[in-house]
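Student: Below is a structure I'd like to ask you about.
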Amino acid sequence: MSSDLTAPVAREKTTGLHIGDAKPGVAKTDPIIIADGVRRTFGGLTAVDVEHLEIPRGAITALIGPNGAGKTTLFNLLTGFDKPDSGAWTFEGHSLSGVPAYKVARLGQVRTFQLTKALGLLTVLDNMKLGAKGQVGERFWQSLFPFLWRKQDHQIEERAFELLKKFKLDEKSDDFAASLSGGQRKLLEMARALMSEPRLVMLDEPMAGVNPALTQSLLEHILDLKDEGMTVLFVEHDMHMVRHIADWVVVMAEGRVVAEGDPISVMKNPEVVDAYLGAHQEIDLGVVTGRYPAADAGKNKASKESK
Amino acid sequence: MSAAATAELVVDIQNVVAGYLPGVDILNGCSLQARRGELIGIIGPNGAGKSTLLKSIFGQVNVRSGSITLEGRDITSLRANQLVALGVGMVPQTNNVFSTLTIEENLQMGLYQRPKAYDERLEFVTSIFAELGKRLKQRAGSLSGGERQMVAMSRALMMDPKVLLLDEPSAGLSPVRQDEAFIRVSEINKAGVTCIMVEQNARRCLQICDRGYVLDQGSDAYTGTGRELLGDPKVTELYLGTLGE
């Protein structure tokens, strides 16, 4: 475990993703998703109102924004889990408007959920195997003849074990998914998404509920996905994660895209700091809440610097 | 804090063994004490039993052995509704709102044992979560994950609890809202509510809590003041990670 902790996360960021100035809706050199005029309302509330958005291929894009900004709703729309009032979008040139979620996944665009959707009464391994696509044994007649699908099943199982090992869930492979903790379910869901060998992975708050000591190795896995040629789009509130791995950041607020750019410049944007990050980011909350004197925090900071 | 250290025990958990499936114990002899007015933080790796510990206090998990007392009274395996009446509030991690009800109805549900106090408690809750006060008629199902968490916290506060159990109150909140949530938890605690909080954002949690417990494999591995644990290199390596520095 300690080797994971000390592993460096310093990998080169992908640059040169956009054409012209980094502003909301800026064109990308090689977009994998292009969305136009996507709008979704719930009664009087406009949850998503995106004029134009392009997601760069082969890069890691973070989607950030305050609670209720419409990030998850946009995820739901792009993956066919929800239908927009209007608008159109394409994935690798295929129009995905009105395409149901299972077909979207078959095309190579998979997602995870903020609130995990593990199948509790299946084992961890069975959950994983369910994620693989093109399984011969899923067809009625073929399912009756095990010799037709046994070999593929073994291959799927091997791949599942490989991924479970990566996510440190291999010892749990025979346990029911319901017996996993919240954080472990999050890991399982991410591993399951990778079973379908996607080209675009969309992660809805992958770090929420995951123990901080594990995040570093998880970040490595996400960076590996990019190295393997996948595109990653993720929603996250963990700014350390965004800073470390995102090549591009899209900021949403009240349903609209309000800023885009590389992580460093976006996080310096005063509007983003005001609306989203807050003024306490680098300050000890013990001091902010008056539980500890400021001198104590200074000592804490000094000891961090000396490290 | 020194006053809290000598104050009477409010929650006393002794050697609790608990689990969901027959023969599989998630908690293996876990002990924890919370004195009046303390803010206790519980951190630890995934699967350590943090949420299970809170659920066992709140009667949602079968306690196989050990005891849990509230102000000296044995509350081991009492039902959740009995515990709420005794002054224990709980904010679950997920599925924590009635999604088909409005925010207002959710808050009313939090107070169904004492409906006459509604106006007074609503004023208190909306003073903390002002944005909810403006959207009382909105259906909770249309809220984002972070907003649901706020509704759940508000609902638990409606009963004016003596002890508030919080299962990852910052989960799903944006950074500014996370900080706000921690500041609010601190304020609620300062108002006299003993708080026991499970958190993944261990650094923030330890910054504001009086004492922290580090859980590992179902028992309490380390305990100390929040400051001590923050400065402990072993805790940093195993449970805090080095990314946030």
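Chain identifiers are assigned as A, B, and so on, following the order in which chains appear in the structure tokens; residues are numbered from 1 within each chain, and ligands are numbered from 1 in order of appearance.
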Run DSSP on the backbone and grab whatever in segment 53-173 of chain B lands in strand (DSSP E); send it over as number ranges by chain.

Tutor: B: 63-70, 73-74, 88-91, 163-167

Student: Quick one: which residues from chain A are at most 8 Å off chain B, using only C-alpha atoms, as JSON, numbers by chain?

Tutor: {"A": [2, 5, 42, 65, 66, 67, 68, 70, 72, 114, 115, 179, 180, 181, 182, 183, 184, 205, 208, 209, 210, 211, 212, 213, 214, 215, 216, 237, 238, 239, 240, 275, 276, 277, 278, 279, 280, 281, 284, 285, 286, 288, 289, 291, 300, 304]}

Student: What's the 9 Å shell around segment 193-195 of chain B, counting only C-alpha atoms, without same-chain residues fewer than 4 positions away, as a VMD selection string?

Tutor: chain B and resid 10 to 11 34 to 41 160 to 166 185 to 186 188 to 189

Student: Those residues with all heavy atoms, as a short mmCIF file (atom, residue, chain, number, x, y, z; two decimals), in the first residue's frame please?

Tutor:
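Contents of the output file out.cif:
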data_model
loop_
_atom_site.label_atom_id
_atom_site.label_comp_id
_atom_site.auth_asym_id
_atom_site.auth_seq_id
_atom_site.Cartn_x
_atom_site.Cartn_y
_atom_site.Cartn_z
N VAL B 10 -21.97 11.15 27.30
CA VAL B 10 -23.31 11.14 26.70
C VAL B 10 -23.50 9.80 25.98
O VAL B 10 -24.46 9.09 26.22
CB VAL B 10 -23.49 12.32 25.73
CG1 VAL B 10 -24.87 12.27 25.08
CG2 VAL B 10 -23.31 13.63 26.45
N VAL B 11 -22.54 9.49 25.13
CA VAL B 11 -22.61 8.21 24.43
C VAL B 11 -21.41 7.36 24.86
O VAL B 11 -20.28 7.85 24.85
CB VAL B 11 -22.58 8.42 22.89
CG1 VAL B 11 -22.57 7.07 22.17
CG2 VAL B 11 -23.76 9.25 22.44
N ALA B 34 -18.29 9.61 23.83
CA ALA B 34 -18.51 11.02 23.50
C ALA B 34 -19.04 11.72 24.74
O ALA B 34 -20.04 11.29 25.33
CB ALA B 34 -19.50 11.14 22.36
N ARG B 35 -18.34 12.78 25.18
CA ARG B 35 -18.79 13.54 26.35
C ARG B 35 -19.67 14.68 25.89
O ARG B 35 -19.66 15.07 24.72
CB ARG B 35 -17.58 14.05 27.13
CG ARG B 35 -16.77 12.91 27.72
CD ARG B 35 -15.67 13.40 28.64
NE ARG B 35 -15.15 12.28 29.39
CZ ARG B 35 -14.27 11.39 28.91
NH1 ARG B 35 -13.84 11.52 27.67
NH2 ARG B 35 -13.85 10.39 29.64
N ARG B 36 -20.41 15.24 26.86
CA ARG B 36 -21.35 16.30 26.50
C ARG B 36 -20.63 17.48 25.84
O ARG B 36 -19.61 17.94 26.32
CB ARG B 36 -22.10 16.80 27.75
CG ARG B 36 -23.28 17.69 27.40
CD ARG B 36 -24.13 18.02 28.61
NE ARG B 36 -24.69 16.84 29.28
CZ ARG B 36 -25.68 16.09 28.81
NH1 ARG B 36 -26.24 16.40 27.65
NH2 ARG B 36 -26.11 15.05 29.48
N GLY B 37 -21.16 17.88 24.70
CA GLY B 37 -20.60 19.04 24.01
C GLY B 37 -19.41 18.73 23.12
O GLY B 37 -18.86 19.63 22.50
N GLU B 38 -19.03 17.46 23.04
CA GLU B 38 -17.88 17.14 22.19
C GLU B 38 -18.28 16.96 20.73
O GLU B 38 -19.41 16.58 20.43
CB GLU B 38 -17.23 15.82 22.67
CG GLU B 38 -16.11 16.02 23.66
CD GLU B 38 -15.32 14.74 23.89
OE1 GLU B 38 -15.94 13.65 23.95
OE2 GLU B 38 -14.10 14.84 24.01
N LEU B 39 -17.33 17.24 19.86
CA LEU B 39 -17.49 16.94 18.45
C LEU B 39 -16.48 15.84 18.13
O LEU B 39 -15.27 16.04 18.22
CB LEU B 39 -17.21 18.20 17.60
CG LEU B 39 -17.14 18.07 16.08
CD1 LEU B 39 -18.34 17.32 15.54
CD2 LEU B 39 -17.08 19.44 15.44
N ILE B 40 -17.01 14.66 17.85
CA ILE B 40 -16.17 13.48 17.62
C ILE B 40 -16.10 13.20 16.13
O ILE B 40 -17.12 13.18 15.45
CB ILE B 40 -16.77 12.23 18.33
CG1 ILE B 40 -16.94 12.48 19.83
CG2 ILE B 40 -15.92 10.98 18.06
CD1 ILE B 40 -15.68 12.51 20.63
N GLY B 41 -14.91 12.98 15.62
CA GLY B 41 -14.74 12.62 14.21
C GLY B 41 -14.29 11.17 14.11
O GLY B 41 -13.45 10.72 14.88
N ASP B 160 -34.34 18.91 17.39
CA ASP B 160 -33.48 19.48 18.43
C ASP B 160 -32.73 18.37 19.19
O ASP B 160 -32.87 18.23 20.41
CB ASP B 160 -34.35 20.31 19.39
CG ASP B 160 -33.51 21.27 20.21
OD1 ASP B 160 -32.30 21.36 19.94
OD2 ASP B 160 -34.06 21.91 21.12
N PRO B 161 -31.94 17.59 18.47
CA PRO B 161 -31.33 16.41 19.11
C PRO B 161 -30.22 16.76 20.10
O PRO B 161 -29.57 17.80 19.98
CB PRO B 161 -30.73 15.65 17.91
CG PRO B 161 -30.48 16.70 16.89
CD PRO B 161 -31.55 17.74 17.08
N LYS B 162 -30.01 15.84 21.08
CA LYS B 162 -28.89 16.00 22.02
C LYS B 162 -27.61 15.49 21.36
O LYS B 162 -26.54 16.02 21.57
CB LYS B 162 -29.13 15.13 23.26
CG LYS B 162 -30.20 15.64 24.17
CD LYS B 162 -30.33 14.67 25.34
CE LYS B 162 -31.79 14.57 25.72
NZ LYS B 162 -32.12 13.39 26.49
N VAL B 163 -27.78 14.40 20.62
CA VAL B 163 -26.64 13.81 19.91
C VAL B 163 -26.99 13.74 18.43
O VAL B 163 -28.05 13.24 18.07
CB VAL B 163 -26.35 12.37 20.40
CG1 VAL B 163 -25.15 11.80 19.66
CG2 VAL B 163 -26.10 12.35 21.88
N LEU B 164 -26.12 14.26 17.62
CA LEU B 164 -26.36 14.21 16.18
C LEU B 164 -25.31 13.28 15.56
O LEU B 164 -24.11 13.48 15.74
CB LEU B 164 -26.26 15.61 15.59
CG LEU B 164 -26.69 15.77 14.13
CD1 LEU B 164 -28.16 15.40 13.96
CD2 LEU B 164 -26.46 17.19 13.65
N LEU B 165 -25.79 12.26 14.85
CA LEU B 165 -24.90 11.34 14.16
C LEU B 165 -24.86 11.75 12.69
O LEU B 165 -25.91 11.88 12.06
CB LEU B 165 -25.41 9.90 14.27
CG LEU B 165 -25.77 9.41 15.67
CD1 LEU B 165 -26.39 8.02 15.58
CD2 LEU B 165 -24.55 9.39 16.57
N LEU B 166 -23.68 12.01 12.16
CA LEU B 166 -23.57 12.46 10.78
C LEU B 166 -22.69 11.50 9.98
O LEU B 166 -21.54 11.29 10.32
CB LEU B 166 -22.93 13.86 10.73
CG LEU B 166 -23.69 14.95 11.47
CD1 LEU B 166 -22.77 15.68 12.42
CD2 LEU B 166 -24.31 15.93 10.50
N VAL B 185 -21.61 22.31 11.12
CA VAL B 185 -21.54 21.22 12.11
C VAL B 185 -20.87 21.75 13.37
O VAL B 185 -21.32 21.50 14.49
CB VAL B 185 -20.77 20.01 11.55
CG1 VAL B 185 -20.50 18.99 12.64
CG2 VAL B 185 -21.54 19.35 10.41
N SER B 186 -19.82 22.53 13.18
CA SER B 186 -19.11 23.11 14.32
C SER B 186 -20.04 24.03 15.11
O SER B 186 -20.03 24.04 16.34
CB SER B 186 -17.89 23.86 13.80
OG SER B 186 -17.28 24.55 14.84
N ILE B 188 -23.37 23.94 15.17
CA ILE B 188 -24.40 23.12 15.82
C ILE B 188 -23.82 22.55 17.12
O ILE B 188 -24.44 22.55 18.17
CB ILE B 188 -24.84 21.97 14.89
CG1 ILE B 188 -25.59 22.50 13.68
CG2 ILE B 188 -25.69 20.95 15.63
CD1 ILE B 188 -25.65 21.54 12.52
N ASN B 189 -22.58 22.10 17.03
CA ASN B 189 -21.90 21.53 18.19
C ASN B 189 -21.70 22.59 19.28
O ASN B 189 -21.93 22.34 20.47
CB ASN B 189 -20.55 20.96 17.75
CG ASN B 189 -19.70 20.51 18.91
OD1 ASN B 189 -18.69 21.10 19.19
ND2 ASN B 189 -20.15 19.48 19.61
#

Student: Considering only C-alpha atoms, return as a list in words whatever protein or nucleic-acid residues lie within 12 Å of Tyr102 of chain A, sequence-local ones (same chain, fewer than 2 positions apart) excluded.

Tutor: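 After dropping sequence-adjacent residues, the list is Thr79, Gly80, Phe81, Leu96, Gly98, Val99, Pro100, Val104, Ala105, Arg106, Leu107, Gly108, Gln109, Val110, Arg111, Gly131, Lys133 and Ser196 of chain A.
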
Student: Calculated over only C-alpha atoms, which of the candidates A:Leu53, A:Val273, A:Ala59, A:Leu130 has the smallest distance to Met230 of chain A?

Tutor: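 Smallest separation from Met230 of chain A among the options: A:Ala59.
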
Student: Could you jot down the atom CA of Glu54 of chain A to atom CA of Arg40 of chain A separation for me, Å, one decimal place?

Tutor: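 Separating atom CA of Glu54 of chain A from atom CA of Arg40 of chain A is a distance of 18.0 Å.
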
Student: So that I can see what lies close to Leu148 of chain A, please list as a ChimeraX atom specification the residues with an atom at most 10 Å from it, counting only C-alpha atoms and leaving out residues fewer than 6 positions away in the same chain.

Tutor: /A:136-137,142

Student: Can you write just those residues out, N, CA, C and O atoms, as a PDB file, in the first residue's frame?

Tutor:
ATOM      1  N   VAL A 136     -21.546 -13.986 -25.776  1.00  0.00           N
ATOM      2  CA  VAL A 136     -22.271 -14.993 -26.585  1.00  0.00           C
ATOM      3  C   VAL A 136     -23.370 -15.661 -25.759  1.00  0.00           C
ATOM      4  O   VAL A 136     -24.480 -15.888 -26.231  1.00  0.00           O
ATOM      5  N   GLY A 137     -23.064 -15.948 -24.517  1.00  0.00           N
ATOM      6  CA  GLY A 137     -24.000 -16.658 -23.652  1.00  0.00           C
ATOM      7  C   GLY A 137     -25.251 -15.878 -23.289  1.00  0.00           C
ATOM      8  O   GLY A 137     -26.168 -16.409 -22.666  1.00  0.00           O
ATOM      9  N   GLN A 142     -27.719 -19.837 -27.889  1.00  0.00           N
ATOM     10  CA  GLN A 142     -26.313 -20.109 -27.547  1.00  0.00           C
ATOM     11  C   GLN A 142     -26.157 -20.436 -26.065  1.00  0.00           C
ATOM     12  O   GLN A 142     -25.302 -21.218 -25.685  1.00  0.00           O
TER      13      GLN A 142
END

Student: Could you tell me, as a PyMOL selection string, which residues of segment 94-255 of chain A DSSP assigns to alpha helix (DSSP H) when given the backbone?

Tutor: chain A and resi 101-106+124-131+140-143+146-166+182-194+212-227+239-245

Student: Which neighbours of Val266 of chain A fall inside 10 Å, counting only C-alpha atoms, when residues of the same chain fewer than 3 positions from it are skipped, and could you give them as a JSON list (two decimals) with C-alpha atoms, in the first residue's frame?

Tutor:
[["chain", "number", "residue", "atom", "x", "y", "z"],
["A", 22, "ALA", "CA", -10.36, 29.54, -23.58],
["A", 243, "ARG", "CA", -5.64, 19.96, -10.21],
["A", 248, "TRP", "CA", -9.23, 20.64, -19.16],
["A", 249, "VAL", "CA", -11.88, 22.01, -16.79],
["A", 250, "VAL", "CA", -15.46, 22.99, -17.61],
["A", 251, "VAL", "CA", -17.25, 25.04, -14.96],
["A", 259, "ALA", "CA", -15.90, 29.02, -17.69],
["A", 260, "GLU", "CA", -13.51, 26.66, -19.45],
["A", 261, "GLY", "CA", -9.75, 26.33, -19.38],
["A", 262, "ASP", "CA", -6.80, 24.48, -17.91],
["A", 263, "PRO", "CA", -7.10, 23.70, -14.18],
["A", 269, "ASN", "CA", -10.71, 32.78, -11.94],
["A", 270, "PRO", "CA", -12.21, 35.05, -9.23],
["A", 271, "GLU", "CA", -15.79, 34.16, -10.20],
["A", 272, "VAL", "CA", -15.05, 30.44, -9.80],
["A", 273, "VAL", "CA", -13.40, 31.07, -6.43]]

Student: Which residue is closest to Leu78 of chain A? Choose from A:Met202, A:Leu219, A:Ala27, A:Leu188 and count only C-alpha atoms.

Tutor: A:Met202

Student: Considering only C-alpha atoms, state which residue in the set B:Asp25, B:Asp119, B:Ile103, B:Ile13 is at the smallest distance from Ser67 of chain B.

Tutor: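 Closest residue, counting only C-alpha atoms: B:Ile13.
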
Student: Near Met128 of chain A, counting only C-alpha atoms, which residues have an atom at most 7 Å away, once you skip same-chain residues fewer than 3 positions from it, shown as a ChimeraX atom specification?

Tutor: /A:124-125,131,160,192,195

Student: Give me, please, the distance in Å between atom CA of Thr231 of chain A and atom CA of Ile55 of chain A, quoted to one decimal.

Tutor: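 Computing it gives 8.9 Å between the two atoms.
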
Student: How many Å separate atom CA of Gly255 of chain A from atom CA of Val38 of chain A?

Tutor: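 The value is 9.9 Å.
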